[in-house]
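Below is the file my_file_27.cif, which contains mmCIF, C-alpha atoms.
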```
data_protein
loop_
_atom_site.label_atom_id
_atom_site.label_comp_id
_atom_site.auth_asym_id
_atom_site.auth_seq_id
_atom_site.Cartn_x
_atom_site.Cartn_y
_atom_site.Cartn_z
CA MET I 1 -20.50 -5.55 1.17
CA LYS I 2 -18.80 -5.35 4.55
CA ASP I 3 -20.03 -7.64 7.31
CA ALA I 4 -20.91 -6.77 10.90
CA PHE I 5 -17.23 -6.80 11.86
CA GLY I 6 -16.35 -4.17 9.24
CA ALA I 7 -14.44 -6.70 7.17
CA PRO I 8 -14.88 -6.77 3.39
CA GLN I 9 -16.33 -9.90 1.89
CA SER I 10 -14.17 -9.48 -1.23
CA LEU I 11 -10.62 -8.17 -1.48
CA LEU I 12 -8.30 -7.22 -4.33
CA VAL I 13 -4.60 -7.00 -3.45
CA LEU I 14 -2.53 -5.08 -5.99
CA GLY I 15 0.92 -6.45 -5.30
CA GLY I 16 -0.11 -10.02 -4.62
CA THR I 17 3.18 -11.14 -3.07
CA SER I 18 3.48 -8.15 -0.70
CA GLU I 19 4.09 -9.39 2.83
CA ILE I 20 1.93 -6.60 4.24
CA GLY I 21 -0.74 -7.34 1.65
CA LEU I 22 -0.77 -11.03 2.49
CA ALA I 23 -0.76 -10.43 6.24
CA THR I 24 -3.78 -8.17 5.74
CA ALA I 25 -5.51 -10.77 3.58
CA ARG I 26 -4.95 -13.48 6.20
CA ARG I 27 -6.38 -11.27 8.92
CA LEU I 28 -9.43 -10.33 6.86
CA VAL I 29 -10.07 -13.92 5.77
CA ALA I 30 -10.19 -14.79 9.48
CA ARG I 31 -12.85 -12.06 9.74
CA ARG I 32 -15.05 -13.57 7.01
CA THR I 33 -13.51 -12.21 3.81
CA ARG I 34 -14.38 -14.95 1.34
CA THR I 35 -13.05 -13.92 -2.07
CA VAL I 36 -9.51 -12.68 -2.69
CA TRP I 37 -7.85 -11.60 -5.92
CA LEU I 38 -4.05 -11.46 -5.83
CA ALA I 39 -2.78 -9.26 -8.64
CA GLY I 40 0.89 -9.43 -9.55
CA ARG I 41 3.46 -10.70 -11.99
CA PRO I 42 2.99 -14.46 -12.51
CA SER I 43 5.56 -16.31 -10.42
CA PRO I 44 5.93 -19.28 -8.06
CA ALA I 45 5.69 -16.79 -5.18
CA LEU I 46 2.29 -15.56 -6.38
CA THR I 47 1.05 -19.13 -6.75
CA ALA I 48 2.29 -20.02 -3.26
CA ALA I 49 0.62 -16.93 -1.79
CA ALA I 50 -2.69 -17.93 -3.35
CA ASP I 51 -2.37 -21.50 -2.05
CA SER I 52 -1.67 -20.24 1.47
CA LEU I 53 -4.91 -18.24 1.50
CA ARG I 54 -6.88 -21.14 0.02
CA ASP I 55 -5.69 -23.23 2.95
CA LEU I 56 -7.47 -20.71 5.19
CA GLY I 57 -10.75 -21.27 3.35
CA ALA I 58 -10.79 -18.35 0.92
CA ASP I 59 -11.72 -18.48 -2.75
CA VAL I 60 -8.50 -17.10 -4.28
CA ARG I 61 -7.71 -16.13 -7.84
CA THR I 62 -4.49 -14.76 -9.28
CA VAL I 63 -4.49 -11.93 -11.81
CA PRO I 64 -1.58 -10.88 -14.06
CA PHE I 65 -0.66 -7.32 -13.11
CA ASP I 66 2.45 -5.17 -13.52
CA ALA I 67 2.59 -1.67 -12.06
CA LEU I 68 4.80 -0.52 -14.93
CA GLU I 69 2.38 -1.68 -17.64
CA THR I 70 -0.01 1.20 -17.08
CA GLU I 71 -1.57 0.82 -20.53
CA SER I 72 -3.03 -2.53 -19.41
CA HIS I 73 -4.49 -1.42 -16.07
CA GLU I 74 -7.87 -0.24 -17.23
CA GLU I 75 -8.63 -3.38 -19.21
CA ARG I 76 -7.30 -5.94 -16.72
CA LEU I 77 -8.66 -4.36 -13.55
CA GLY I 78 -11.90 -3.41 -15.27
CA LYS I 79 -12.55 -7.06 -16.05
CA LEU I 80 -12.36 -7.93 -12.35
CA PHE I 81 -14.97 -5.36 -11.37
CA ALA I 82 -17.14 -6.49 -14.29
CA GLU I 83 -17.39 -9.91 -12.61
CA GLY I 84 -18.95 -8.42 -9.49
CA ASP I 85 -18.51 -5.94 -6.68
CA ILE I 86 -15.16 -5.73 -4.88
CA ASP I 87 -15.46 -4.40 -1.33
CA MET I 88 -11.83 -3.47 -0.77
CA VAL I 89 -8.77 -2.74 -2.88
CA LEU I 90 -5.38 -2.79 -1.16
CA LEU I 91 -2.70 -0.97 -3.16
CA ALA I 92 0.35 -2.74 -1.75
CA PHE I 93 2.96 -2.80 -4.51
CA GLY I 94 6.18 -0.80 -4.39
CA VAL I 95 9.96 -1.02 -4.57
CA LEU I 96 12.60 0.39 -2.24
CA GLY I 97 15.34 0.73 -4.81
CA ASP I 98 19.03 1.16 -4.03
CA GLN I 99 19.73 4.80 -3.23
CA ALA I 100 23.46 4.76 -4.03
CA ARG I 101 22.97 2.93 -7.33
CA ASP I 102 19.90 4.93 -8.28
CA GLU I 103 21.75 8.22 -7.86
CA GLU I 104 24.33 6.98 -10.35
CA GLU I 105 21.82 5.38 -12.72
CA PRO I 106 18.93 7.76 -13.37
CA LEU I 107 16.95 5.11 -15.26
CA ALA I 108 16.96 2.96 -12.13
CA ALA I 109 15.65 5.92 -10.14
CA VAL I 110 12.94 6.46 -12.74
CA ARG I 111 11.86 2.84 -12.33
CA VAL I 112 11.37 3.42 -8.60
CA ALA I 113 9.31 6.54 -9.31
CA GLN I 114 7.26 4.87 -12.03
CA THR I 115 6.47 1.85 -9.88
CA ASN I 116 5.69 3.64 -6.63
CA TYR I 117 3.96 6.69 -8.05
CA THR I 118 2.98 6.49 -11.73
CA GLY I 119 1.82 2.87 -11.50
CA ALA I 120 -0.09 3.64 -8.33
CA VAL I 121 -1.80 6.68 -9.84
CA SER I 122 -2.90 4.60 -12.81
CA ALA I 123 -4.18 1.62 -10.84
CA GLY I 124 -5.62 3.83 -8.11
CA LEU I 125 -7.71 5.87 -10.53
CA VAL I 126 -8.99 2.79 -12.34
CA CYS I 127 -10.07 1.15 -9.08
CA ALA I 128 -11.50 4.37 -7.65
CA LYS I 129 -13.70 4.82 -10.71
CA ALA I 130 -14.95 1.24 -10.43
CA LEU I 131 -15.61 1.53 -6.69
CA GLN I 132 -17.53 4.75 -7.28
CA ALA I 133 -19.60 3.11 -10.00
CA GLN I 134 -20.63 0.30 -7.65
CA GLY I 135 -21.39 2.86 -4.93
CA HIS I 136 -19.34 1.42 -2.07
CA GLY I 137 -15.95 0.06 -1.09
CA SER I 138 -12.59 0.95 0.40
CA LEU I 139 -9.31 1.81 -1.31
CA VAL I 140 -6.41 1.31 1.08
CA VAL I 141 -3.10 2.79 -0.05
CA LEU I 142 0.21 1.73 1.51
CA SER I 143 2.26 4.90 1.80
CA SER I 144 5.25 5.35 4.14
CA VAL I 145 6.59 7.72 6.78
CA ALA I 146 9.50 8.15 4.34
CA GLY I 147 7.17 10.36 2.32
CA GLU I 148 6.67 12.80 5.19
CA ARG I 149 10.08 14.41 4.69
CA ALA I 150 12.80 13.26 2.29
CA ARG I 151 15.99 12.05 3.97
CA ARG I 152 19.43 11.98 2.41
CA ALA I 153 19.60 8.23 2.84
CA ASN I 154 16.53 7.42 0.72
CA PHE I 155 15.18 10.58 -0.91
CA ILE I 156 14.38 8.85 -4.20
CA TYR I 157 12.11 6.31 -2.53
CA GLY I 158 10.82 8.94 -0.10
CA SER I 159 9.91 11.37 -2.87
CA SER I 160 7.94 8.68 -4.70
CA LYS I 161 6.00 7.90 -1.53
CA ALA I 162 5.42 11.61 -0.90
CA GLY I 163 3.80 11.85 -4.31
CA LEU I 164 1.72 8.73 -3.68
CA ASP I 165 0.60 10.03 -0.29
CA ALA I 166 -0.50 13.38 -1.71
CA PHE I 167 -2.32 11.66 -4.56
CA ALA I 168 -4.18 9.33 -2.20
CA GLN I 169 -5.22 12.18 0.08
CA GLY I 170 -6.55 14.16 -2.85
CA LEU I 171 -8.34 11.12 -4.22
CA GLY I 172 -9.98 10.61 -0.84
CA ASP I 173 -11.24 14.18 -0.89
CA ALA I 174 -12.52 13.76 -4.45
CA LEU I 175 -14.47 10.65 -3.44
CA HIS I 176 -15.84 12.02 -0.19
CA GLY I 177 -19.58 11.53 -0.06
CA THR I 178 -19.66 8.91 -2.84
CA GLY I 179 -19.70 5.89 -0.54
CA VAL I 180 -16.04 5.10 -1.29
CA HIS I 181 -13.60 5.23 1.61
CA VAL I 182 -9.92 5.99 0.91
CA MET I 183 -7.45 5.19 3.68
CA VAL I 184 -3.76 6.13 3.61
CA VAL I 185 -1.49 3.87 5.67
CA ARG I 186 1.89 5.23 6.76
CA PRO I 187 4.08 2.49 8.25
CA GLY I 188 7.56 3.10 9.50
CA PHE I 189 10.32 0.51 9.09
CA VAL I 190 8.61 -2.84 8.47
CA ARG I 191 10.54 -6.09 8.84
CA THR I 192 10.07 -7.67 5.40
CA LYS I 193 12.17 -9.15 2.62
CA MET I 194 12.41 -5.65 1.13
CA THR I 195 14.18 -4.29 4.23
CA ARG I 196 16.25 -7.39 5.02
CA GLY I 197 19.88 -6.48 5.54
CA LEU I 198 19.12 -2.83 6.38
CA ALA I 199 19.80 -1.34 9.79
CA GLU I 200 16.55 -1.47 11.72
CA ALA I 201 15.05 1.93 12.49
CA PRO I 202 13.47 2.88 15.84
CA LEU I 203 9.80 1.90 16.21
CA ALA I 204 10.24 -0.89 13.65
CA THR I 205 7.14 -3.00 13.13
CA SER I 206 5.91 -6.16 11.43
CA PRO I 207 3.54 -6.92 8.52
CA GLU I 208 1.10 -8.39 11.03
CA ALA I 209 1.03 -5.16 13.05
CA VAL I 210 0.34 -3.16 9.90
CA ALA I 211 -2.45 -5.60 9.00
CA GLN I 212 -4.00 -5.16 12.45
CA ALA I 213 -3.90 -1.38 12.05
CA ILE I 214 -5.53 -1.63 8.62
CA GLU I 215 -8.34 -3.79 9.99
CA LEU I 216 -8.99 -1.31 12.82
CA GLY I 217 -8.88 1.61 10.38
CA LEU I 218 -11.44 -0.08 8.14
CA ARG I 219 -13.76 -0.62 11.06
CA ARG I 220 -13.47 3.04 12.09
CA ARG I 221 -13.39 4.36 8.51
CA THR I 222 -10.18 6.20 9.35
CA GLU I 223 -8.59 8.31 6.64
CA THR I 224 -4.95 8.15 7.81
CA VAL I 225 -3.28 5.35 9.78
CA TRP I 226 0.21 5.51 11.28
CA VAL I 227 1.98 2.26 12.21
CA PRO I 228 2.96 2.31 14.99
CA GLY I 229 0.78 5.18 16.19
CA ALA I 230 3.69 6.90 17.97
CA LEU I 231 5.13 7.81 14.58
CA ARG I 232 2.49 10.50 14.17
CA VAL I 233 4.14 12.52 16.94
CA VAL I 234 7.69 11.71 15.87
CA MET I 235 7.12 12.70 12.26
CA SER I 236 5.31 15.87 13.27
CA ALA I 237 8.47 16.97 15.11
CA LEU I 238 10.78 15.92 12.27
CA ARG I 239 8.60 17.61 9.67
CA HIS I 240 9.13 20.96 11.40
CA ALA I 241 12.80 20.55 12.34
CA PRO I 242 15.02 23.27 10.80
CA ARG I 243 16.76 21.94 7.72
CA PRO I 244 20.35 22.39 9.03
CA LEU I 245 19.38 20.36 12.11
CA PHE I 246 17.48 17.77 10.08
CA ARG I 247 20.61 17.13 7.97
CA ARG I 248 22.64 16.29 11.06
CA LEU I 249 20.14 13.87 12.58
CA PRO I 250 21.41 10.24 12.55
CA MET I 251 18.70 8.79 10.31
#
```
Once you've parsed the file, please lay out its structure as structure tokens.
Amino acid sequence: MKDAFGAPQSLLVLGGTSEIGLATARRLVARRTRTVWLAGRPSPALTAAADSLRDLGADVRTVPFDALETESHEERLGKLFAEGDIDMVLLAFGVLGDQARDEEEPLAAVRVAQTNYTGAVSAGLVCAKALQAQGHGSLVVLSSVAGERARRANFIYGSSKAGLDAFAQGLGDALHGTGVHVMVVRPGFVRTKMTRGLAEAPLATSPEAVAQAIELGLRRRTETVWVPGALRVVMSALRHAPRPLFRRLPM
């Protein structure tokens, strides 16, 4: 259960090497989160991530997980919940893809869609069912402002995040009143390994800032979090911009 600070005592990060996921885990461990599961493909990076959280005093376990192996999600994630209650699930996996390549190689585009949307739908439903069965918990879904309106520069990634965002909102409505809290997080450009080498967008932020916003959202039981908050206004304007004008904007 959550403590007096609103922090979960146990946390499952789907996408165990995600920089935003790990920044959130570090922040919550500082707020008394004691048990952390890092779910991801086995790798030295996953092992190092687990060690870094252990150094902060958390009991950390790694779990083999691949977003694309949807047939394994129910069994593998179900086993974790069978061991005991999990207070918070952070769905943090995703890939940016390469827009130019993906337009030329449809199978590469499909991989982006399957990872960001299909894999998230599968894992999200499995975890939501388990959280509902235990009667409490939070499911935090990392979406993106890119899903608010598809841009020419990254419409494949943006469309996958748009689908994820709509799914998470609907799931939150379906779980309303069950004791399970679903929170959609919409960061803008985040300075991570995934965006390294890309031109930095206005209002760029950091994994630590996203983690801070997630912690505050948990405490307030917010349903939608924008990071930074000013993006709510910006995206509202862009969402309603006439399409001929939107095409000409330097984004």
request  = Quick one: apply the PyMOL selection byres ((chain I and resi 40) around 9) to the file and drop the selected residues here as a VMD selection string.
outcome  = chain I and resid 13 to 17 38 to 39 41 to 43 46 62 to 67 93
task = Identify all residues satisfying the PyMOL selection byres ((chain I and resi 155-167) around 7) in the given file; provide them as a list in words.
result = Leu96, Gly97, Gln99, Ala109, Val112, Ala113, Asn116, Tyr117, Ser143, Ser144, Ala146, Gly147, Glu148, Ala150, Arg151, Arg152, Ala153, Asn154, Ala168, Gln169, Gly170 and Leu171 of chain I
Generate a file of the selected residues that holds C-alpha atoms, formatted as a CSV table (one decimal), in the frame of the given file.
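The resulting file, result_21.csv, is shown below:
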```
chain,number,residue,atom,x,y,z
I,96,LEU,CA,12.6,0.4,-2.2
I,97,GLY,CA,15.3,0.7,-4.8
I,99,GLN,CA,19.7,4.8,-3.2
I,109,ALA,CA,15.6,5.9,-10.1
I,112,VAL,CA,11.4,3.4,-8.6
I,113,ALA,CA,9.3,6.5,-9.3
I,116,ASN,CA,5.7,3.6,-6.6
I,117,TYR,CA,4.0,6.7,-8.0
I,143,SER,CA,2.3,4.9,1.8
I,144,SER,CA,5.2,5.4,4.1
I,146,ALA,CA,9.5,8.2,4.3
I,147,GLY,CA,7.2,10.4,2.3
I,148,GLU,CA,6.7,12.8,5.2
I,150,ALA,CA,12.8,13.3,2.3
I,151,ARG,CA,16.0,12.0,4.0
I,152,ARG,CA,19.4,12.0,2.4
I,153,ALA,CA,19.6,8.2,2.8
I,154,ASN,CA,16.5,7.4,0.7
I,168,ALA,CA,-4.2,9.3,-2.2
I,169,GLN,CA,-5.2,12.2,0.1
I,170,GLY,CA,-6.6,14.2,-2.8
I,171,LEU,CA,-8.3,11.1,-4.2
```
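Note that the spacing between CA of Gly137 (chain I) and CA of Ala7 (chain I) amounts to 10.8 Å.
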task = Write out as a VMD selection string which residues come within 8 Å of region 205-212 of chain I when counting all atoms listed in the file, dropping same-chain ones fewer than 2 positions away.
result = chain I and resid 19 to 21 23 to 24 27 187 to 192 203 214 to 216 227 to 228
task = For CA of Arg32 (chain I) and CA of Ala58 (chain I), quote the distance in Å rounded to one decimal.
result = 8.8 Å
query = From the list I:Ala201, I:Ala50, I:Ala120, I:Ala25, which residue is nearest Glu69 (chain I) when using all atoms listed in the file?
reply =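 With all atoms listed in the file as the atom set, the closest residue is I:Ala120.
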ask   = Quick one: which residues end up in the PyMOL selection byres ((chain I and resi 179) around 7) for this structure, as a list in words?
value =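 That expression, the PyMOL selection byres ((chain I and resi 179) around 7), corresponds here to Gly135, His136, Gly137, Gly177, Thr178, Val180 and His181 of chain I.
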Just add N, CA, C and O atoms to region 208-234 of chain I and send it as an mmCIF file, in the frame of the given file.
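What ended up in result27.cif:
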```
data_model
loop_
_atom_site.group_PDB
_atom_site.id
_atom_site.type_symbol
_atom_site.label_atom_id
_atom_site.label_comp_id
_atom_site.auth_asym_id
_atom_site.auth_seq_id
_atom_site.Cartn_x
_atom_site.Cartn_y
_atom_site.Cartn_z
ATOM 1 N N GLU I 208 2.301 -8.049 10.275
ATOM 2 C CA GLU I 208 1.100 -8.390 11.030
ATOM 3 C C GLU I 208 0.561 -7.187 11.805
ATOM 4 O O GLU I 208 -0.664 -6.995 11.911
ATOM 5 N N ALA I 209 1.472 -6.357 12.333
ATOM 6 C CA ALA I 209 1.030 -5.160 13.050
ATOM 7 C C ALA I 209 0.389 -4.162 12.095
ATOM 8 O O ALA I 209 -0.601 -3.495 12.451
ATOM 9 N N VAL I 210 0.935 -4.049 10.892
ATOM 10 C CA VAL I 210 0.340 -3.160 9.900
ATOM 11 C C VAL I 210 -1.048 -3.677 9.515
ATOM 12 O O VAL I 210 -2.006 -2.906 9.393
ATOM 13 N N ALA I 211 -1.163 -4.996 9.341
ATOM 14 C CA ALA I 211 -2.450 -5.600 9.000
ATOM 15 C C ALA I 211 -3.483 -5.329 10.082
ATOM 16 O O ALA I 211 -4.658 -5.021 9.800
ATOM 17 N N GLN I 212 -3.080 -5.429 11.341
ATOM 18 C CA GLN I 212 -4.000 -5.160 12.450
ATOM 19 C C GLN I 212 -4.466 -3.706 12.410
ATOM 20 O O GLN I 212 -5.652 -3.414 12.625
ATOM 21 N N ALA I 213 -3.542 -2.793 12.127
ATOM 22 C CA ALA I 213 -3.900 -1.380 12.050
ATOM 23 C C ALA I 213 -4.850 -1.106 10.886
ATOM 24 O O ALA I 213 -5.762 -0.274 10.988
ATOM 25 N N ILE I 214 -4.636 -1.790 9.779
ATOM 26 C CA ILE I 214 -5.530 -1.630 8.620
ATOM 27 C C ILE I 214 -6.931 -2.108 8.970
ATOM 28 O O ILE I 214 -7.924 -1.431 8.666
ATOM 29 N N GLU I 215 -7.026 -3.263 9.616
ATOM 30 C CA GLU I 215 -8.340 -3.790 9.990
ATOM 31 C C GLU I 215 -9.081 -2.815 10.914
ATOM 32 O O GLU I 215 -10.263 -2.529 10.714
ATOM 33 N N LEU I 216 -8.369 -2.261 11.895
ATOM 34 C CA LEU I 216 -8.990 -1.310 12.820
ATOM 35 C C LEU I 216 -9.404 -0.042 12.075
ATOM 36 O O LEU I 216 -10.484 0.513 12.319
ATOM 37 N N GLY I 217 -8.552 0.416 11.155
ATOM 38 C CA GLY I 217 -8.880 1.610 10.380
ATOM 39 C C GLY I 217 -10.102 1.410 9.516
ATOM 40 O O GLY I 217 -10.930 2.313 9.371
ATOM 41 N N LEU I 218 -10.249 0.225 8.942
ATOM 42 C CA LEU I 218 -11.440 -0.080 8.140
ATOM 43 C C LEU I 218 -12.696 -0.013 8.995
ATOM 44 O O LEU I 218 -13.717 0.543 8.585
ATOM 45 N N ARG I 219 -12.602 -0.579 10.184
ATOM 46 C CA ARG I 219 -13.760 -0.620 11.060
ATOM 47 C C ARG I 219 -14.193 0.796 11.467
ATOM 48 O O ARG I 219 -15.382 1.102 11.579
ATOM 49 N N ARG I 220 -13.194 1.665 11.655
ATOM 50 C CA ARG I 220 -13.470 3.040 12.090
ATOM 51 C C ARG I 220 -13.631 4.004 10.920
ATOM 52 O O ARG I 220 -13.907 5.170 11.139
ATOM 53 N N ARG I 221 -13.392 3.519 9.708
ATOM 54 C CA ARG I 221 -13.390 4.360 8.510
ATOM 55 C C ARG I 221 -12.430 5.539 8.662
ATOM 56 O O ARG I 221 -12.715 6.697 8.332
ATOM 57 N N THR I 222 -11.240 5.212 9.176
ATOM 58 C CA THR I 222 -10.180 6.200 9.350
ATOM 59 C C THR I 222 -9.626 6.607 7.990
ATOM 60 O O THR I 222 -9.589 5.811 7.062
ATOM 61 N N GLU I 223 -9.160 7.841 7.892
ATOM 62 C CA GLU I 223 -8.590 8.310 6.640
ATOM 63 C C GLU I 223 -7.068 8.177 6.592
ATOM 64 O O GLU I 223 -6.496 7.996 5.516
ATOM 65 N N THR I 224 -6.409 8.267 7.753
ATOM 66 C CA THR I 224 -4.950 8.150 7.810
ATOM 67 C C THR I 224 -4.569 7.260 8.990
ATOM 68 O O THR I 224 -5.039 7.485 10.112
ATOM 69 N N VAL I 225 -3.721 6.279 8.738
ATOM 70 C CA VAL I 225 -3.280 5.350 9.780
ATOM 71 C C VAL I 225 -1.761 5.366 9.848
ATOM 72 O O VAL I 225 -1.085 5.199 8.821
ATOM 73 N N TRP I 226 -1.221 5.565 11.048
ATOM 74 C CA TRP I 226 0.210 5.510 11.280
ATOM 75 C C TRP I 226 0.526 4.191 11.989
ATOM 76 O O TRP I 226 -0.191 3.791 12.905
ATOM 77 N N VAL I 227 1.621 3.541 11.581
ATOM 78 C CA VAL I 227 1.980 2.260 12.210
ATOM 79 C C VAL I 227 3.485 2.255 12.508
ATOM 80 O O VAL I 227 4.293 2.293 11.594
ATOM 81 N N PRO I 228 3.848 2.224 13.832
ATOM 82 C CA PRO I 228 2.960 2.310 14.990
ATOM 83 C C PRO I 228 2.448 3.738 15.176
ATOM 84 O O PRO I 228 2.984 4.688 14.591
ATOM 85 N N GLY I 229 1.432 3.889 16.020
ATOM 86 C CA GLY I 229 0.780 5.180 16.190
ATOM 87 C C GLY I 229 1.704 6.281 16.677
ATOM 88 O O GLY I 229 1.490 7.457 16.373
ATOM 89 N N ALA I 230 2.757 5.904 17.427
ATOM 90 C CA ALA I 230 3.690 6.900 17.970
ATOM 91 C C ALA I 230 4.407 7.676 16.874
ATOM 92 O O ALA I 230 4.899 8.788 17.108
ATOM 93 N N LEU I 231 4.445 7.128 15.671
ATOM 94 C CA LEU I 231 5.130 7.810 14.580
ATOM 95 C C LEU I 231 4.452 9.117 14.190
ATOM 96 O O LEU I 231 5.097 10.001 13.618
ATOM 97 N N ARG I 232 3.186 9.244 14.470
ATOM 98 C CA ARG I 232 2.490 10.500 14.170
ATOM 99 C C ARG I 232 3.179 11.668 14.875
ATOM 100 O O ARG I 232 3.429 12.721 14.286
ATOM 101 N N VAL I 233 3.494 11.475 16.159
ATOM 102 C CA VAL I 233 4.140 12.520 16.940
ATOM 103 C C VAL I 233 5.581 12.726 16.489
ATOM 104 O O VAL I 233 6.047 13.861 16.330
ATOM 105 N N VAL I 234 6.289 11.626 16.281
ATOM 106 C CA VAL I 234 7.690 11.710 15.870
ATOM 107 C C VAL I 234 7.833 12.453 14.546
ATOM 108 O O VAL I 234 8.662 13.360 14.399
#
```
